[in-house]
>>> print(open('target.cif').read())   # mmCIF, C-alpha atoms and all ligand atoms
data_input
loop_
_atom_site.label_atom_id
_atom_site.label_comp_id
_atom_site.auth_asym_id
_atom_site.auth_seq_id
_atom_site.Cartn_x
_atom_site.Cartn_y
_atom_site.Cartn_z
CA MET Q 42 100.82 142.15 81.54
CA PRO Q 43 100.93 138.86 83.50
CA LEU Q 44 103.57 136.37 82.41
CA GLN Q 45 102.27 133.49 80.31
CA ARG Q 46 103.01 130.13 81.81
CA ILE Q 47 105.01 128.01 79.39
CA LYS Q 48 103.95 124.40 79.54
CA PRO Q 49 106.85 121.96 79.57
CA THR Q 50 106.85 119.20 76.97
CA PRO Q 51 106.14 115.69 78.28
CA PRO Q 52 109.03 113.18 78.06
CA SER Q 53 107.36 111.39 75.14
CA ASP Q 54 104.24 111.57 72.97
CA ASP Q 55 102.76 108.62 74.87
CA LYS Q 56 99.12 109.52 75.35
CA ARG Q 57 99.28 108.49 78.98
CA TRP Q 58 100.82 111.93 79.63
CA LYS Q 59 97.38 113.39 78.88
CA LEU Q 60 96.08 111.57 81.96
CA ILE Q 61 98.84 113.14 84.05
CA ASP Q 62 98.08 116.56 82.61
CA VAL Q 63 94.43 116.22 83.61
CA THR Q 64 95.51 115.72 87.23
CA MET Q 65 97.86 118.70 87.19
CA ARG Q 66 95.39 120.97 85.40
CA ARG Q 67 92.64 120.08 87.87
CA ASN Q 68 94.95 121.37 90.58
CA GLY Q 69 95.91 124.51 88.66
CA TYR Q 70 99.50 123.17 88.24
CA ALA Q 71 100.04 124.04 91.91
CA GLY Q 72 102.84 122.53 93.98
CA HIS Q 73 100.38 120.90 96.39
CA ALA Q 74 99.38 118.57 93.54
CA LEU Q 75 102.76 116.84 93.68
CA ILE Q 76 101.77 113.63 95.47
CA GLU Q 77 98.56 113.26 93.48
CA THR Q 78 100.50 113.84 90.26
CA LEU Q 79 103.15 111.27 91.15
CA HIS Q 80 100.36 108.81 91.89
CA SER Q 81 98.91 109.51 88.43
CA VAL Q 82 102.29 108.87 86.81
CA GLN Q 83 102.69 105.62 88.71
CA ASP Q 84 99.11 104.55 87.97
CA ALA Q 85 99.68 105.13 84.26
CA PHE Q 86 103.25 103.90 83.85
CA GLY Q 87 103.76 101.56 86.80
CA TYR Q 88 106.79 103.45 88.10
CA LEU Q 89 108.50 106.84 88.26
CA ASP Q 90 111.66 107.40 86.25
CA ASP Q 91 114.00 110.38 85.92
CA PRO Q 92 112.37 111.97 82.85
CA ALA Q 93 108.94 111.70 84.51
CA MET Q 94 110.15 113.33 87.70
CA LYS Q 95 111.90 116.14 85.80
CA PHE Q 96 108.73 116.78 83.82
CA VAL Q 97 106.54 116.88 86.92
CA ALA Q 98 109.01 119.23 88.63
CA SER Q 99 108.94 121.71 85.79
CA ALA Q 100 105.19 121.42 85.19
CA LEU Q 101 104.46 122.14 88.86
CA ASN Q 102 107.30 124.63 89.10
CA LEU Q 103 108.97 122.77 91.94
CA PRO Q 104 112.66 122.05 92.53
CA LEU Q 105 113.66 118.62 91.26
CA SER Q 106 115.09 117.81 94.69
CA LYS Q 107 111.63 118.18 96.20
CA VAL Q 108 110.11 115.76 93.65
CA TYR Q 109 112.90 113.20 94.23
CA GLY Q 110 112.52 113.69 97.96
CA VAL Q 111 108.83 112.87 97.93
CA ALA Q 112 109.20 110.01 95.43
CA THR Q 113 111.89 108.31 97.47
CA PHE Q 114 110.36 108.98 100.89
CA TYR Q 115 107.02 107.29 100.32
CA HIS Q 116 107.15 103.55 99.96
CA LEU Q 117 104.04 103.69 97.81
CA PHE Q 118 106.14 104.98 94.96
CA THR Q 119 108.23 102.68 92.79
CA LEU Q 120 111.24 104.19 91.08
CA LYS Q 121 112.34 102.92 87.71
CA PRO Q 122 112.61 99.15 87.95
CA LYS Q 123 115.99 97.47 87.86
CA GLY Q 124 115.16 94.92 85.18
CA LYS Q 125 116.52 95.21 81.66
CA HIS Q 126 112.96 94.74 80.39
CA THR Q 127 109.77 96.03 81.93
CA CYS Q 128 106.38 94.39 81.68
CA VAL Q 129 103.62 96.61 83.09
CA VAL Q 130 100.31 94.78 83.29
CA CYS Q 131 97.33 97.08 83.61
CA THR Q 132 95.24 95.94 86.55
CA GLY Q 133 92.62 98.69 86.21
CA THR Q 134 88.96 97.70 86.26
CA ALA Q 135 88.45 97.17 82.51
CA CYS Q 136 91.62 95.08 82.23
CA TYR Q 137 90.95 93.21 85.42
CA ILE Q 138 87.54 92.12 84.15
CA LYS Q 139 89.15 90.91 80.92
CA GLY Q 140 91.74 88.76 82.65
CA ALA Q 141 94.66 90.94 83.77
CA GLY Q 142 94.97 88.76 86.86
CA GLU Q 143 95.71 85.72 84.70
CA LEU Q 144 98.37 87.67 82.82
CA VAL Q 145 100.08 88.62 86.06
CA ASP Q 146 99.89 85.04 87.34
CA GLY Q 147 101.20 83.63 84.07
CA VAL Q 148 104.27 85.88 83.97
CA SER Q 149 104.82 85.58 87.66
CA GLU Q 150 104.82 81.77 87.53
CA LYS Q 151 106.90 81.39 84.40
CA TYR Q 152 109.60 83.84 85.46
CA ASN Q 153 109.33 83.26 89.17
CA VAL Q 154 108.82 86.93 89.91
CA PRO Q 155 106.12 88.47 92.10
CA LEU Q 156 104.22 91.57 90.95
CA GLY Q 157 106.28 94.68 91.68
CA GLU Q 158 109.60 92.84 91.57
CA THR Q 159 112.48 92.05 89.25
CA THR Q 160 113.79 88.58 88.36
CA ALA Q 161 116.99 87.45 90.09
CA ASP Q 162 118.92 87.75 86.80
CA ARG Q 163 117.63 91.35 86.44
CA LYS Q 164 116.20 90.61 83.02
CA LEU Q 165 112.55 91.33 83.71
CA SER Q 166 110.57 93.60 86.03
CA LEU Q 167 106.88 92.79 86.44
CA LEU Q 168 104.77 95.76 87.45
CA GLY Q 169 101.13 96.73 87.72
CA ALA Q 170 99.42 99.99 86.74
CA ARG Q 171 95.89 101.11 87.50
CA CYS Q 172 94.94 102.28 84.00
CA VAL Q 173 97.27 102.79 81.10
CA GLY Q 174 94.63 104.71 79.13
CA ALA Q 175 93.83 101.96 76.63
CA CYS Q 176 90.73 100.37 78.15
CA GLY Q 177 89.44 99.50 74.66
CA LEU Q 178 92.43 97.16 74.34
CA ALA Q 179 91.80 95.40 77.65
CA PRO Q 180 93.60 93.50 78.96
CA ALA Q 181 96.50 95.83 78.16
CA VAL Q 182 100.19 95.44 78.85
CA VAL Q 183 103.02 97.90 78.22
CA MET Q 184 106.15 95.94 77.41
CA ASP Q 185 109.30 98.07 77.23
CA GLY Q 186 107.13 101.08 76.43
CA VAL Q 187 105.12 99.33 73.69
CA MET Q 188 101.40 98.97 74.21
CA LEU Q 189 100.00 95.49 73.66
CA GLY Q 190 96.28 94.81 73.80
CA LYS Q 191 93.65 92.07 73.98
CA LEU Q 192 96.18 89.61 75.23
CA LYS Q 193 95.87 86.03 76.32
CA VAL Q 194 98.46 84.62 78.71
CA ASP Q 195 100.13 82.60 75.96
CA ASP Q 196 100.42 85.63 73.67
CA LEU Q 197 102.07 87.62 76.41
CA LEU Q 198 104.49 84.86 77.38
CA GLU Q 199 105.41 84.36 73.75
CA HIS Q 200 106.01 88.07 73.33
CA ILE Q 201 108.20 88.28 76.43
CA GLU Q 202 110.13 85.24 75.29
CA LYS Q 203 110.93 86.98 71.99
CA VAL Q 204 111.95 90.25 73.60
CA ILE Q 205 114.13 89.16 76.48
S1 LIG Q 301 91.85 99.71 82.86
FE1 LIG Q 301 93.48 98.93 81.70
S2 LIG Q 301 93.75 100.39 80.19
FE2 LIG Q 301 92.21 101.25 81.37
#
>>> encode(input="target.cif", output="structure tokens")
Amino acid sequence: MPLQRIKPTPPSDDKRWKLIDVTMRRNGYAGHALIETLHSVQDAFGYLDDPAMKFVASALNLPLSKVYGVATFYHLFTLKPKGKHTCVVCTGTACYIKGAGELVDGVSEKYNVPLGETTADRKLSLLGARCVGACGLAPAVVMDGVMLGKLKVDDLLEHIEKVI
């Protein structure tokens, strides 16, 4: 009898992992899906962190060293940001139409940090993602792992102010 494949558990119950699973499933959980899968993780979360890379390695049945190797070799991939707090602004189509660009500009100006970077005091990383799976909440932002939706610039700045 063929061995049943045991699916690893995602690092959290964040529904964005469903988007990643769709990518892996479409490729039959084969190793050649690695780059596409890492892109999906980055598109959904804004960066790749250790738990994400470990999950992808076990889901695709690849050595962790291979996943780290690919993630660190390609400049397109962003590893976990260095800031104490992480603000991921979704810049996917639905969010873009609803003003994601203004959110990015607002945070960028106030904290003097370009998209994709961390403030000089390492308090805040500002990142973009292509769709965080909450288009109904556009424009959406994931602040320290918490999904915020239908935001205006002032709401977001106020929220960041409270958190950091
Ligand atoms: S485009 Fe932003 S959540 Fe889908």
>>> closest_residue(input="target.cif", among="Q:Ala100, Q:Ile76, Q:Leu167, Q:Met65", to="Lys123 in chain Q", atoms="all atoms listed in the file")
Q:Leu167
>>> residues_around(input="target.cif", residues="Gly190 in chain Q", least_positions_apart="3", cutoff="9 Å", atoms="all atoms listed in the file", output="mmCIF file with C-alpha atoms, keeping the file's coordinate frame")
data_model
loop_
_atom_site.group_PDB
_atom_site.id
_atom_site.type_symbol
_atom_site.label_atom_id
_atom_site.label_comp_id
_atom_site.auth_asym_id
_atom_site.auth_seq_id
_atom_site.Cartn_x
_atom_site.Cartn_y
_atom_site.Cartn_z
ATOM 1 C CA ALA Q 175 93.830 101.960 76.630
ATOM 2 C CA CYS Q 176 90.730 100.370 78.150
ATOM 3 C CA GLY Q 177 89.440 99.500 74.660
ATOM 4 C CA LEU Q 178 92.430 97.160 74.340
ATOM 5 C CA ALA Q 179 91.800 95.400 77.650
ATOM 6 C CA PRO Q 180 93.600 93.500 78.960
ATOM 7 C CA ALA Q 181 96.500 95.830 78.160
ATOM 8 C CA VAL Q 182 100.190 95.440 78.850
ATOM 9 C CA VAL Q 183 103.020 97.900 78.220
#
>>> residues_around(input="target.cif", residues="Val148 in chain Q", least_positions_apart="2", cutoff="10 Å", atoms="all atoms listed in the file", output="JSON, numbers by chain")
{"Q": [128, 130, 143, 144, 145, 146, 150, 151, 152, 153, 154, 155, 156, 165, 167, 194, 195, 197, 198, 201]}
>>> closest_atom_pairs(input="target.cif", of="chain Q", to="ligand LIG 301 (chain Q)", cutoff="12 Å", atoms="all atoms listed in the file", output="JSON lines")
{"residue": "Q:Lys56", "atom": "CA", "partner": "Q:LIG301", "partner_atom": "S2", "distance": 11.6}
{"residue": "Q:Arg57", "atom": "CA", "partner": "Q:LIG301", "partner_atom": "S2", "distance": 9.9}
{"residue": "Q:Leu60", "atom": "CA", "partner": "Q:LIG301", "partner_atom": "FE2", "distance": 11.0}
{"residue": "Q:Asp84", "atom": "CA", "partner": "Q:LIG301", "partner_atom": "FE2", "distance": 10.1}
{"residue": "Q:Ala85", "atom": "CA", "partner": "Q:LIG301", "partner_atom": "S2", "distance": 8.6}
{"residue": "Q:Phe86", "atom": "CA", "partner": "Q:LIG301", "partner_atom": "S2", "distance": 10.8}
{"residue": "Q:Gly87", "atom": "CA", "partner": "Q:LIG301", "partner_atom": "FE1", "distance": 11.8}
{"residue": "Q:Val129", "atom": "CA", "partner": "Q:LIG301", "partner_atom": "FE1", "distance": 10.5}
{"residue": "Q:Val130", "atom": "CA", "partner": "Q:LIG301", "partner_atom": "FE1", "distance": 8.1}
{"residue": "Q:Cys131", "atom": "CA", "partner": "Q:LIG301", "partner_atom": "FE1", "distance": 4.7}
{"residue": "Q:Thr132", "atom": "CA", "partner": "Q:LIG301", "partner_atom": "FE1", "distance": 6.0}
{"residue": "Q:Gly133", "atom": "CA", "partner": "Q:LIG301", "partner_atom": "S1", "distance": 3.6}
{"residue": "Q:Thr134", "atom": "CA", "partner": "Q:LIG301", "partner_atom": "S1", "distance": 4.9}
{"residue": "Q:Ala135", "atom": "CA", "partner": "Q:LIG301", "partner_atom": "S1", "distance": 4.3}
{"residue": "Q:Cys136", "atom": "CA", "partner": "Q:LIG301", "partner_atom": "FE1", "distance": 4.3}
{"residue": "Q:Tyr137", "atom": "CA", "partner": "Q:LIG301", "partner_atom": "S1", "distance": 7.0}
{"residue": "Q:Ile138", "atom": "CA", "partner": "Q:LIG301", "partner_atom": "S1", "distance": 8.8}
{"residue": "Q:Lys139", "atom": "CA", "partner": "Q:LIG301", "partner_atom": "FE1", "distance": 9.1}
{"residue": "Q:Gly140", "atom": "CA", "partner": "Q:LIG301", "partner_atom": "FE1", "distance": 10.4}
{"residue": "Q:Ala141", "atom": "CA", "partner": "Q:LIG301", "partner_atom": "FE1", "distance": 8.3}
{"residue": "Q:Gly142", "atom": "CA", "partner": "Q:LIG301", "partner_atom": "FE1", "distance": 11.5}
{"residue": "Q:Gly169", "atom": "CA", "partner": "Q:LIG301", "partner_atom": "FE1", "distance": 10.0}
{"residue": "Q:Ala170", "atom": "CA", "partner": "Q:LIG301", "partner_atom": "FE1", "distance": 7.9}
{"residue": "Q:Arg171", "atom": "CA", "partner": "Q:LIG301", "partner_atom": "S1", "distance": 6.3}
{"residue": "Q:Cys172", "atom": "CA", "partner": "Q:LIG301", "partner_atom": "FE2", "distance": 3.9}
{"residue": "Q:Val173", "atom": "CA", "partner": "Q:LIG301", "partner_atom": "S2", "distance": 4.4}
{"residue": "Q:Gly174", "atom": "CA", "partner": "Q:LIG301", "partner_atom": "S2", "distance": 4.5}
{"residue": "Q:Ala175", "atom": "CA", "partner": "Q:LIG301", "partner_atom": "S2", "distance": 3.9}
{"residue": "Q:Cys176", "atom": "CA", "partner": "Q:LIG301", "partner_atom": "S2", "distance": 3.6}
{"residue": "Q:Gly177", "atom": "CA", "partner": "Q:LIG301", "partner_atom": "S2", "distance": 7.1}
{"residue": "Q:Leu178", "atom": "CA", "partner": "Q:LIG301", "partner_atom": "S2", "distance": 6.8}
{"residue": "Q:Ala179", "atom": "CA", "partner": "Q:LIG301", "partner_atom": "FE1", "distance": 5.6}
{"residue": "Q:Pro180", "atom": "CA", "partner": "Q:LIG301", "partner_atom": "FE1", "distance": 6.1}
{"residue": "Q:Ala181", "atom": "CA", "partner": "Q:LIG301", "partner_atom": "FE1", "distance": 5.6}
{"residue": "Q:Val182", "atom": "CA", "partner": "Q:LIG301", "partner_atom": "FE1", "distance": 8.1}
{"residue": "Q:Val183", "atom": "CA", "partner": "Q:LIG301", "partner_atom": "S2", "distance": 9.8}
{"residue": "Q:Met188", "atom": "CA", "partner": "Q:LIG301", "partner_atom": "S2", "distance": 9.8}
{"residue": "Q:Leu189", "atom": "CA", "partner": "Q:LIG301", "partner_atom": "S2", "distance": 10.3}
{"residue": "Q:Gly190", "atom": "CA", "partner": "Q:LIG301", "partner_atom": "S2", "distance": 8.9}
{"residue": "Q:Lys191", "atom": "CA", "partner": "Q:LIG301", "partner_atom": "FE1", "distance": 10.3}
{"residue": "Q:Leu192", "atom": "CA", "partner": "Q:LIG301", "partner_atom": "FE1", "distance": 11.7}
>>> closest_residue(input="target.cif", among="Q:Ala161, Q:Ala98, Q:Leu79, Q:Leu168", to="Tyr115 in chain Q", atoms="all atoms listed in the file")
Q:Leu79
